[in-house]
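Raw contents of input-v5.pdb, PDB, C-alpha atoms:
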ATOM      1  CA  MET F  67     -26.650   3.476  -4.001
ATOM      2  CA  ASP F  68     -24.263   2.975  -1.023
ATOM      3  CA  ARG F  69     -25.338   1.754   2.388
ATOM      4  CA  LYS F  70     -25.241   5.232   3.963
ATOM      5  CA  THR F  71     -27.463   6.660   1.236
ATOM      6  CA  THR F  72     -29.805   3.683   1.521
ATOM      7  CA  LEU F  73     -30.012   4.101   5.298
ATOM      8  CA  THR F  74     -30.737   7.812   4.961
ATOM      9  CA  ALA F  75     -33.437   7.172   2.364
ATOM     10  CA  ALA F  76     -35.027   4.453   4.490
ATOM     11  CA  LEU F  77     -35.049   6.719   7.559
ATOM     12  CA  ALA F  78     -36.639   9.531   5.553
ATOM     13  CA  ALA F  79     -39.274   7.151   4.189
ATOM     14  CA  LEU F  80     -40.036   5.899   7.688
ATOM     15  CA  LEU F  81     -40.459   9.399   9.025
ATOM     16  CA  LEU F  82     -42.631  10.402   6.110
ATOM     17  CA  THR F  83     -44.805   7.339   6.634
ATOM     18  CA  GLY F  84     -45.187   8.261  10.259
ATOM     19  CA  ALA F  85     -46.055  11.837   9.310
ATOM     20  CA  CYS F  86     -49.052  10.613   7.335
ATOM     21  CA  LYS F  87     -50.486   9.061  10.465
ATOM     22  CA  THR F  88     -49.491  11.620  13.115
ATOM     23  CA  HIS F  89     -49.563  14.845  11.100
ATOM     24  CA  TYR F  90     -45.876  15.457  11.811
ATOM     25  CA  GLN F  91     -43.753  16.615   8.907
ATOM     26  CA  LEU F  92     -40.128  15.832   8.210
ATOM     27  CA  ALA F  93     -38.113  19.007   8.744
ATOM     28  CA  GLY F  94     -34.726  17.618   7.739
ATOM     29  CA  VAL F  95     -32.294  14.729   7.900
ATOM     30  CA  GLN F  96     -28.821  14.918   9.431
ATOM     31  CA  ARG F  97     -26.106  12.359   9.858
ATOM     32  CA  SER F  98     -22.662  12.180  11.410
ATOM     33  CA  ARG F  99     -19.773   9.762  11.621
ATOM     34  CA  ILE F 100     -18.647   8.325  14.957
ATOM     35  CA  LEU F 101     -14.986   7.321  14.945
ATOM     36  CA  ILE F 102     -14.447   4.109  16.909
ATOM     37  CA  ASP F 103     -10.854   4.107  18.129
ATOM     38  CA  ALA F 104      -8.657   3.582  21.210
ATOM     39  CA  ARG F 105     -10.285   6.434  23.153
ATOM     40  CA  TYR F 106     -13.126   4.072  24.058
ATOM     41  CA  ASP F 107     -10.674   1.642  25.649
ATOM     42  CA  ARG F 108      -9.760   4.116  28.400
ATOM     43  CA  ASP F 109     -12.992   3.619  30.339
ATOM     44  CA  PRO F 110     -14.299   0.138  29.499
ATOM     45  CA  ASP F 111     -17.881  -0.673  30.390
ATOM     46  CA  ALA F 112     -17.777  -3.706  32.680
ATOM     47  CA  GLY F 113     -21.367  -4.658  31.864
ATOM     48  CA  ALA F 114     -20.749  -4.518  28.130
ATOM     49  CA  ALA F 115     -17.562  -6.549  28.519
ATOM     50  CA  GLU F 116     -19.442  -9.215  30.460
ATOM     51  CA  PHE F 117     -22.196  -9.299  27.848
ATOM     52  CA  LEU F 118     -19.666  -9.737  25.024
ATOM     53  CA  LYS F 119     -17.544 -12.346  26.811
ATOM     54  CA  PRO F 120     -19.182 -15.469  25.329
ATOM     55  CA  TYR F 121     -19.118 -13.956  21.840
ATOM     56  CA  LYS F 122     -15.480 -12.931  22.238
ATOM     57  CA  HIS F 123     -14.589 -16.496  23.143
ATOM     58  CA  GLN F 124     -16.212 -17.757  19.938
ATOM     59  CA  VAL F 125     -14.505 -15.123  17.794
ATOM     60  CA  ASP F 126     -11.111 -15.825  19.372
ATOM     61  CA  SER F 127     -11.525 -19.553  18.773
ATOM     62  CA  VAL F 128     -11.983 -18.858  15.059
ATOM     63  CA  MET F 129      -9.519 -16.005  14.579
ATOM     64  CA  GLY F 130      -6.837 -17.088  17.027
ATOM     65  CA  PRO F 131      -5.250 -20.205  15.473
ATOM     66  CA  VAL F 132      -1.710 -19.595  14.214
ATOM     67  CA  VAL F 133      -1.146 -20.418  10.530
ATOM     68  CA  GLY F 134       2.565 -19.572  10.389
ATOM     69  CA  ARG F 135       5.262 -17.090  11.317
ATOM     70  CA  SER F 136       6.799 -14.049   9.640
ATOM     71  CA  THR F 137      10.361 -12.813   9.957
ATOM     72  CA  HIS F 138       9.414  -9.138  10.307
ATOM     73  CA  TYR F 139       6.603  -6.586  10.210
ATOM     74  CA  MET F 140       5.491  -6.076   6.593
ATOM     75  CA  THR F 141       3.526  -3.349   4.841
ATOM     76  CA  ALA F 142       2.074  -2.737   1.384
ATOM     77  CA  GLN F 143       3.512   0.389  -0.199
ATOM     78  CA  ARG F 144       3.725   2.174  -3.529
ATOM     79  CA  PRO F 145       5.674   1.876  -5.673
ATOM     80  CA  GLU F 146       6.735  -1.332  -3.882
ATOM     81  CA  GLY F 147       6.386  -2.909  -0.452
ATOM     82  CA  ASP F 148       7.460  -6.162   1.147
ATOM     83  CA  LEU F 149       3.890  -7.267   1.952
ATOM     84  CA  SER F 150       2.552  -6.366  -1.498
ATOM     85  CA  ASN F 151       5.446  -8.296  -3.064
ATOM     86  CA  LEU F 152       4.628 -11.286  -0.871
ATOM     87  CA  LEU F 153       0.954 -11.352  -1.844
ATOM     88  CA  ALA F 154       1.701 -11.254  -5.578
ATOM     89  CA  ASP F 155       4.260 -14.046  -5.116
ATOM     90  CA  ILE F 156       1.727 -16.130  -3.179
ATOM     91  CA  LEU F 157      -0.692 -16.000  -6.114
ATOM     92  CA  VAL F 158       2.060 -17.368  -8.368
ATOM     93  CA  TRP F 159       2.898 -20.017  -5.752
ATOM     94  CA  GLY F 160      -0.749 -21.080  -5.558
ATOM     95  CA  ALA F 161      -1.024 -21.509  -9.333
ATOM     96  CA  LYS F 162       0.359 -25.057  -9.192
ATOM     97  CA  ASP F 163      -2.847 -26.275  -7.543
ATOM     98  CA  TYR F 164      -4.775 -25.168 -10.639
ATOM     99  CA  GLY F 165      -2.455 -26.658 -13.245
ATOM    100  CA  GLU F 166      -1.221 -23.161 -14.119
ATOM    101  CA  THR F 167       2.279 -21.774 -14.733
ATOM    102  CA  PRO F 168       1.817 -17.989 -14.932
ATOM    103  CA  ASP F 169       4.509 -15.655 -16.202
ATOM    104  CA  PHE F 170       3.701 -13.121 -13.495
ATOM    105  CA  GLY F 171       1.209 -12.205 -10.793
ATOM    106  CA  VAL F 172      -0.649  -9.027  -9.863
ATOM    107  CA  TYR F 173      -2.314  -8.146  -6.541
ATOM    108  CA  ASN F 174      -4.079  -4.807  -6.207
ATOM    109  CA  MET F 175      -2.960  -2.430  -3.482
ATOM    110  CA  GLY F 176      -6.580  -1.530  -2.717
ATOM    111  CA  GLY F 177      -7.216  -5.128  -1.684
ATOM    112  CA  VAL F 178      -4.541  -5.093   1.041
ATOM    113  CA  ARG F 179      -6.330  -3.837   4.150
ATOM    114  CA  ALA F 180      -3.849  -4.430   6.977
ATOM    115  CA  ASP F 181      -0.169  -4.940   7.719
ATOM    116  CA  LEU F 182       1.416  -8.294   8.544
ATOM    117  CA  PRO F 183       2.719  -8.651  12.101
ATOM    118  CA  LYS F 184       6.119 -10.033  13.022
ATOM    119  CA  GLY F 185       6.153 -13.494  14.587
ATOM    120  CA  ASP F 186       3.007 -15.579  14.893
ATOM    121  CA  VAL F 187       0.468 -14.947  12.131
ATOM    122  CA  THR F 188      -3.115 -15.976  12.888
ATOM    123  CA  TYR F 189      -6.177 -16.688  10.788
ATOM    124  CA  GLY F 190      -7.476 -13.319  11.965
ATOM    125  CA  ASP F 191      -4.334 -11.526  10.754
ATOM    126  CA  VAL F 192      -4.787 -12.958   7.269
ATOM    127  CA  LEU F 193      -8.482 -12.083   7.306
ATOM    128  CA  ASP F 194      -7.573  -8.494   8.203
ATOM    129  CA  ILE F 195      -5.202  -8.337   5.230
ATOM    130  CA  ALA F 196      -7.598  -9.932   2.727
ATOM    131  CA  PRO F 197     -11.164  -9.415   4.004
ATOM    132  CA  PHE F 198     -12.928  -9.513   0.646
ATOM    133  CA  GLU F 199     -14.367 -12.449  -1.278
ATOM    134  CA  ASN F 200     -11.782 -12.133  -4.058
ATOM    135  CA  LYS F 201     -10.708 -15.401  -5.643
ATOM    136  CA  ILE F 202      -7.580 -16.438  -7.503
ATOM    137  CA  ALA F 203      -7.917 -16.159 -11.282
ATOM    138  CA  PHE F 204      -5.832 -16.689 -14.410
ATOM    139  CA  GLY F 205      -5.913 -15.213 -17.888
ATOM    140  CA  THR F 206      -3.826 -14.650 -21.010
ATOM    141  CA  LEU F 207      -2.838 -11.202 -22.263
ATOM    142  CA  SER F 208      -0.888 -10.187 -25.339
ATOM    143  CA  GLY F 209       2.395  -8.428 -24.686
ATOM    144  CA  ALA F 210       0.855  -5.213 -26.004
ATOM    145  CA  ASP F 211      -1.934  -5.542 -23.419
ATOM    146  CA  VAL F 212       0.615  -6.300 -20.688
ATOM    147  CA  LEU F 213       2.434  -3.068 -21.523
ATOM    148  CA  GLN F 214      -0.854  -1.197 -21.324
ATOM    149  CA  LEU F 215      -1.584  -2.884 -17.986
ATOM    150  CA  PHE F 216       1.809  -1.789 -16.665
ATOM    151  CA  GLU F 217       1.168   1.735 -17.955
ATOM    152  CA  GLN F 218      -2.106   1.769 -16.017
ATOM    153  CA  MET F 219      -0.274   0.595 -12.900
ATOM    154  CA  ALA F 220       2.307   3.343 -13.386
ATOM    155  CA  SER F 221      -0.459   5.959 -13.549
ATOM    156  CA  VAL F 222      -1.379   5.256  -9.894
ATOM    157  CA  GLY F 223       2.190   4.900  -8.665
ATOM    158  CA  GLY F 224       2.474   1.115  -8.851
ATOM    159  CA  GLU F 225       0.637  -2.068  -7.900
ATOM    160  CA  ALA F 226       1.838  -5.336  -6.390
ATOM    161  CA  VAL F 227       3.664  -7.531  -8.927
ATOM    162  CA  SER F 228       5.456 -10.843  -8.564
ATOM    163  CA  HIS F 229       9.209 -11.499  -8.525
ATOM    164  CA  SER F 230       9.497 -11.988 -12.293
ATOM    165  CA  VAL F 231       8.522  -8.376 -13.046
ATOM    166  CA  ARG F 232      10.764  -5.316 -13.173
ATOM    167  CA  MET F 233       9.161  -1.966 -13.954
ATOM    168  CA  VAL F 234      10.538   1.556 -14.078
ATOM    169  CA  ILE F 235       7.970   4.336 -13.825
ATOM    170  CA  SER F 236       8.336   8.078 -14.166
ATOM    171  CA  ASN F 237       7.505  10.529 -11.411
ATOM    172  CA  ASP F 238       4.530  11.761 -13.444
ATOM    173  CA  GLY F 239       3.003   8.282 -13.683
ATOM    174  CA  HIS F 240       4.177   6.771 -16.966
ATOM    175  CA  LEU F 241       5.831   3.458 -17.760
ATOM    176  CA  VAL F 242       9.496   3.882 -18.704
ATOM    177  CA  SER F 243      10.477   0.225 -19.126
ATOM    178  CA  ALA F 244       9.305  -3.273 -18.189
ATOM    179  CA  THR F 245      10.745  -6.785 -18.212
ATOM    180  CA  ILE F 246       9.357 -10.208 -17.309
ATOM    181  CA  ASN F 247      11.841 -12.901 -16.312
ATOM    182  CA  GLY F 248      14.667 -10.583 -17.358
ATOM    183  CA  GLU F 249      13.397 -10.050 -20.920
ATOM    184  CA  PRO F 250      11.698  -6.934 -22.312
ATOM    185  CA  VAL F 251       7.947  -7.422 -22.679
ATOM    186  CA  ASP F 252       7.340  -8.606 -26.257
ATOM    187  CA  PRO F 253       4.177  -6.973 -27.693
ATOM    188  CA  ASN F 254       3.762  -9.905 -30.104
ATOM    189  CA  ARG F 255       3.732 -12.830 -27.667
ATOM    190  CA  ASP F 256       1.227 -13.972 -25.039
ATOM    191  CA  TYR F 257       1.703 -13.925 -21.272
ATOM    192  CA  ARG F 258      -0.172 -15.899 -18.630
ATOM    193  CA  VAL F 259      -1.034 -13.863 -15.541
ATOM    194  CA  THR F 260      -2.483 -14.757 -12.153
ATOM    195  CA  THR F 261      -4.477 -12.205 -10.194
ATOM    196  CA  ILE F 262      -7.846 -11.999  -8.407
ATOM    197  CA  ASP F 263     -11.201 -12.205 -10.152
ATOM    198  CA  TYR F 264     -12.129  -8.688  -9.009
ATOM    199  CA  LEU F 265      -9.488  -7.243 -11.343
ATOM    200  CA  LEU F 266     -10.588  -9.180 -14.415
ATOM    201  CA  GLY F 267     -13.396  -6.660 -14.827
ATOM    202  CA  GLY F 268     -10.915  -3.810 -15.112
ATOM    203  CA  ALA F 269     -11.258  -2.589 -11.517
ATOM    204  CA  ASP F 270      -8.779  -0.212  -9.848
ATOM    205  CA  LYS F 271      -8.035   1.436 -13.223
ATOM    206  CA  MET F 272      -6.494  -1.776 -14.611
ATOM    207  CA  GLU F 273      -8.689  -1.759 -17.712
ATOM    208  CA  ALA F 274      -6.301  -3.977 -19.690
ATOM    209  CA  PHE F 275      -7.459  -6.979 -17.663
ATOM    210  CA  LYS F 276     -10.761  -6.821 -19.550
ATOM    211  CA  ARG F 277      -8.916  -8.221 -22.570
ATOM    212  CA  CYS F 278      -7.844 -11.421 -20.821
ATOM    213  CA  ARG F 279      -8.479 -14.621 -22.799
ATOM    214  CA  ASP F 280      -8.647 -18.279 -21.748
ATOM    215  CA  ILE F 281      -9.814 -17.286 -18.291
ATOM    216  CA  ASN F 282      -9.636 -19.752 -15.420
ATOM    217  CA  SER F 283     -11.605 -18.268 -12.524
ATOM    218  CA  PRO F 284     -12.817 -20.897 -10.023
ATOM    219  CA  GLN F 285     -15.622 -19.498  -7.873
ATOM    220  CA  GLU F 286     -15.795 -21.925  -4.936
ATOM    221  CA  ALA F 287     -15.137 -20.296  -1.552
ATOM    222  CA  SER F 288     -11.998 -22.408  -1.098
ATOM    223  CA  ASN F 289     -10.372 -20.364  -3.875
ATOM    224  CA  ASN F 290     -10.632 -17.121  -1.923
ATOM    225  CA  SER F 291      -7.333 -15.252  -1.808
ATOM    226  CA  ARG F 292      -7.248 -15.409   1.999
ATOM    227  CA  PHE F 293      -7.217 -19.215   1.880
ATOM    228  CA  ILE F 294      -4.422 -19.199  -0.713
ATOM    229  CA  ILE F 295      -2.455 -16.949   1.652
ATOM    230  CA  MET F 296      -3.150 -19.170   4.672
ATOM    231  CA  ASN F 297      -2.195 -22.275   2.723
ATOM    232  CA  TYR F 298       1.135 -20.658   1.886
ATOM    233  CA  PHE F 299       1.844 -19.855   5.540
ATOM    234  CA  ARG F 300       0.903 -23.374   6.586
ATOM    235  CA  GLU F 301       3.152 -24.892   3.918
ATOM    236  CA  MET F 302       6.097 -22.750   5.037
ATOM    237  CA  SER F 303       5.378 -23.795   8.628
ATOM    238  CA  ARG F 304       5.378 -27.486   7.646
ATOM    239  CA  GLN F 305       8.787 -26.895   6.082
ATOM    240  CA  GLY F 306       9.999 -25.258   9.305
ATOM    241  CA  ARG F 307      10.373 -21.893   7.576
ATOM    242  CA  GLU F 308       9.274 -18.407   8.525
ATOM    243  CA  VAL F 309       7.668 -16.306   5.801
ATOM    244  CA  THR F 310       9.770 -13.436   4.544
ATOM    245  CA  SER F 311       9.752 -10.868   1.776
ATOM    246  CA  LYS F 312      11.720  -7.784   0.802
ATOM    247  CA  VAL F 313      11.716  -4.740  -1.425
ATOM    248  CA  GLU F 314      13.955  -5.602  -4.357
ATOM    249  CA  GLY F 315      13.305  -3.122  -7.149
ATOM    250  CA  ARG F 316      10.299  -4.735  -8.812
ATOM    251  CA  VAL F 317       8.708  -1.319  -9.291
ATOM    252  CA  ARG F 318      10.905   1.727  -9.001
ATOM    253  CA  ARG F 319      10.799   5.346 -10.022
ATOM    254  CA  ALA F 320      13.164   6.582 -12.689
ATOM    255  CA  THR F 321      16.049   8.673 -11.423
ATOM    256  CA  PRO F 322      15.929  12.335 -12.526
TER
END
Go ahead and render the structure in this file as structure tokens.
Amino acid sequence: MDRKTTLTAALAALLLTGACKTHYQLAGVQRSRILIDARYDRDPDAGAAEFLKPYKHQVDSVMGPVVGRSTHYMTAQRPEGDLSNLLADILVWGAKDYGETPDFGVYNMGGVRADLPKGDVTYGDVLDIAPFENKIAFGTLSGADVLQLFEQMASVGGEAVSHSVRMVISNDGHLVSATINGEPVDPNRDYRVTTIDYLLGGADKMEAFKRCRDINSPQEASNNSRFIIMNYFREMSRQGREVTSKVEGRVRRATP
């Protein structure tokens, strides 16, 4: 049951409870959505702004610190985007801290909830991109399972994959070809993959992840994907480098 359904049910129960005491009867339940957007910024409420000021200061102190810089504005796109490429690469980069050397990385497009700004990147920017409690995870798949995983990715138009992967997908959502580190995927060998723990259960139609073996899935909060991302930005900053990424043909549609 989702939160809206739960809220509706709770409201109905409350009204019914009241009806038992006051002899009123529930005639119906209605709900509506209120879109909160820039229209409310046109006529700000001075009293509300004053009330929120101390809380805003606290939020800004947490969300405002800069963790690094980016060379350009980045977005996550299907079949491939510069931000989605970056996030999959960051999972591979972070693997060294877990004693892992994955063959490739996967980040789900549904987990990317904002774009990356150009220039200074703050804690808040990273939190906007990765707001969930998803944690880095590792597992082993047979080549046959990897091909099925790539087929499942093709069926939705592509997911974020790391630099080592090259996939060609058809316009009707089928896998045409796939290589890892320049070699065709071998159905008879094993591949180590890094992703997020959310996907290990087969979420976002990536059912092949359920067949992962030798899973390494640390559950401490420090292993959250957002902290892996922030650590990457901080490391690039220590090296005096801006973070960059590009579309380079990792996932592309077959030409007619």
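CA of Val178 in chain F sits 18.1 Å away from CA of Met129 in chain F.
Across the structure, CA of Gly160 in chain F and CA of Tyr298 in chain F are spaced 7.7 Å apart.
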Using only C-alpha atoms, find each residue in range 153-244 of chain F having at least one atom no more than 12 Å away from range 272-291 of chain F; report its shortest atom-to-atom pair and that distance in Å (one decimal), rows by chain then rising number, as a Markdown table.
| residue | atom | partner | partner_atom | distance |
| --- | --- | --- | --- | --- |
| F:Leu153 | CA | F:Ser291 | CA | 9.2 |
| F:Ala154 | CA | F:Ser291 | CA | 10.6 |
| F:Ile156 | CA | F:Ser291 | CA | 9.2 |
| F:Leu157 | CA | F:Ser291 | CA | 8.0 |
| F:Val158 | CA | F:Ser291 | CA | 11.7 |
| F:Trp159 | CA | F:Ser291 | CA | 12.0 |
| F:Gly160 | CA | F:Ser291 | CA | 9.6 |
| F:Ala161 | CA | F:Asn282 | CA | 10.7 |
| F:Asp163 | CA | F:Asn289 | CA | 10.2 |
| F:Tyr164 | CA | F:Asn282 | CA | 8.7 |
| F:Gly165 | CA | F:Asn282 | CA | 10.2 |
| F:Glu166 | CA | F:Asn282 | CA | 9.2 |
| F:Pro168 | CA | F:Asn282 | CA | 11.6 |
| F:Val172 | CA | F:Met272 | CA | 10.5 |
| F:Tyr173 | CA | F:Ser291 | CA | 9.9 |
| F:Asn174 | CA | F:Met272 | CA | 9.3 |
| F:Met175 | CA | F:Met272 | CA | 11.7 |
| F:Gly176 | CA | F:Met272 | CA | 11.9 |
| F:Gly177 | CA | F:Ser291 | CA | 10.1 |
| F:Val178 | CA | F:Ser291 | CA | 10.9 |
| F:Val192 | CA | F:Ser291 | CA | 9.7 |
| F:Leu193 | CA | F:Ser291 | CA | 9.7 |
| F:Ile195 | CA | F:Ser291 | CA | 10.1 |
| F:Ala196 | CA | F:Ser291 | CA | 7.0 |
| F:Pro197 | CA | F:Ser291 | CA | 9.1 |
| F:Phe198 | CA | F:Asn290 | CA | 8.4 |
| F:Glu199 | CA | F:Asn290 | CA | 6.0 |
| F:Asn200 | CA | F:Asn290 | CA | 5.5 |
| F:Lys201 | CA | F:Asn290 | CA | 4.1 |
| F:Ile202 | CA | F:Ser291 | CA | 5.8 |
| F:Ala203 | CA | F:Ser283 | CA | 4.4 |
| F:Phe204 | CA | F:Asn282 | CA | 5.0 |
| F:Gly205 | CA | F:Ile281 | CA | 4.4 |
| F:Thr206 | CA | F:Arg279 | CA | 5.0 |
| F:Leu207 | CA | F:Cys278 | CA | 5.2 |
| F:Ser208 | CA | F:Cys278 | CA | 8.4 |
| F:Gly209 | CA | F:Ala274 | CA | 11.0 |
| F:Ala210 | CA | F:Ala274 | CA | 9.6 |
| F:Asp211 | CA | F:Ala274 | CA | 6.0 |
| F:Val212 | CA | F:Ala274 | CA | 7.4 |
| F:Leu213 | CA | F:Ala274 | CA | 9.0 |
| F:Gln214 | CA | F:Ala274 | CA | 6.3 |
| F:Leu215 | CA | F:Ala274 | CA | 5.1 |
| F:Phe216 | CA | F:Met272 | CA | 8.6 |
| F:Glu217 | CA | F:Met272 | CA | 9.1 |
| F:Gln218 | CA | F:Met272 | CA | 5.8 |
| F:Met219 | CA | F:Met272 | CA | 6.9 |
| F:Ala220 | CA | F:Met272 | CA | 10.3 |
| F:Ser221 | CA | F:Met272 | CA | 9.9 |
| F:Val222 | CA | F:Met272 | CA | 9.9 |
| F:Gly224 | CA | F:Met272 | CA | 11.0 |
| F:Glu225 | CA | F:Met272 | CA | 9.8 |
The centre and edge lengths of an axis-aligned box containing all atoms of range 189-206 of chain F present in the file, extended by 6 Å on each side, are to be given in Å to one decimal, as lines of an AutoDock Vina configuration file.
center_x = -9.1
center_y = -12.5
center_z = -4.5
size_x = 22.5
size_y = 20.4
size_z = 45.0
Quick one: residues within 7 Å of Arg316 in chain F, only C-alpha atoms counted, chain neighbours fewer than 4 positions away excluded, as a tab-separated table (two decimals) with C-alpha atoms, in the coordinates of the input?
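Result went into selection-v4.tsv, see below:
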chain	number	residue	atom	x	y	z
F	146	GLU	CA	6.74	-1.33	-3.88
F	229	HIS	CA	9.21	-11.50	-8.52
F	231	VAL	CA	8.52	-8.38	-13.05
F	232	ARG	CA	10.76	-5.32	-13.17
F	233	MET	CA	9.16	-1.97	-13.95
Go through the shown structure with the PyMOL selection byres ((chain F and resi 139) around 10) and write out the matching residues as a PDB file with C-alpha atoms, in the frame of the given file.
ATOM      1  CA  SER F 136       6.799 -14.049   9.640  1.00  0.00           C
ATOM      2  CA  THR F 137      10.361 -12.813   9.957  1.00  0.00           C
ATOM      3  CA  HIS F 138       9.414  -9.138  10.307  1.00  0.00           C
ATOM      4  CA  MET F 140       5.491  -6.076   6.593  1.00  0.00           C
ATOM      5  CA  THR F 141       3.526  -3.349   4.841  1.00  0.00           C
ATOM      6  CA  ASP F 148       7.460  -6.162   1.147  1.00  0.00           C
ATOM      7  CA  LEU F 149       3.890  -7.267   1.952  1.00  0.00           C
ATOM      8  CA  ASP F 181      -0.169  -4.940   7.719  1.00  0.00           C
ATOM      9  CA  LEU F 182       1.416  -8.294   8.544  1.00  0.00           C
ATOM     10  CA  PRO F 183       2.719  -8.651  12.101  1.00  0.00           C
ATOM     11  CA  LYS F 184       6.119 -10.033  13.022  1.00  0.00           C
ATOM     12  CA  GLY F 185       6.153 -13.494  14.587  1.00  0.00           C
ATOM     13  CA  THR F 310       9.770 -13.436   4.544  1.00  0.00           C
ATOM     14  CA  SER F 311       9.752 -10.868   1.776  1.00  0.00           C
TER      15      SER F 311
END
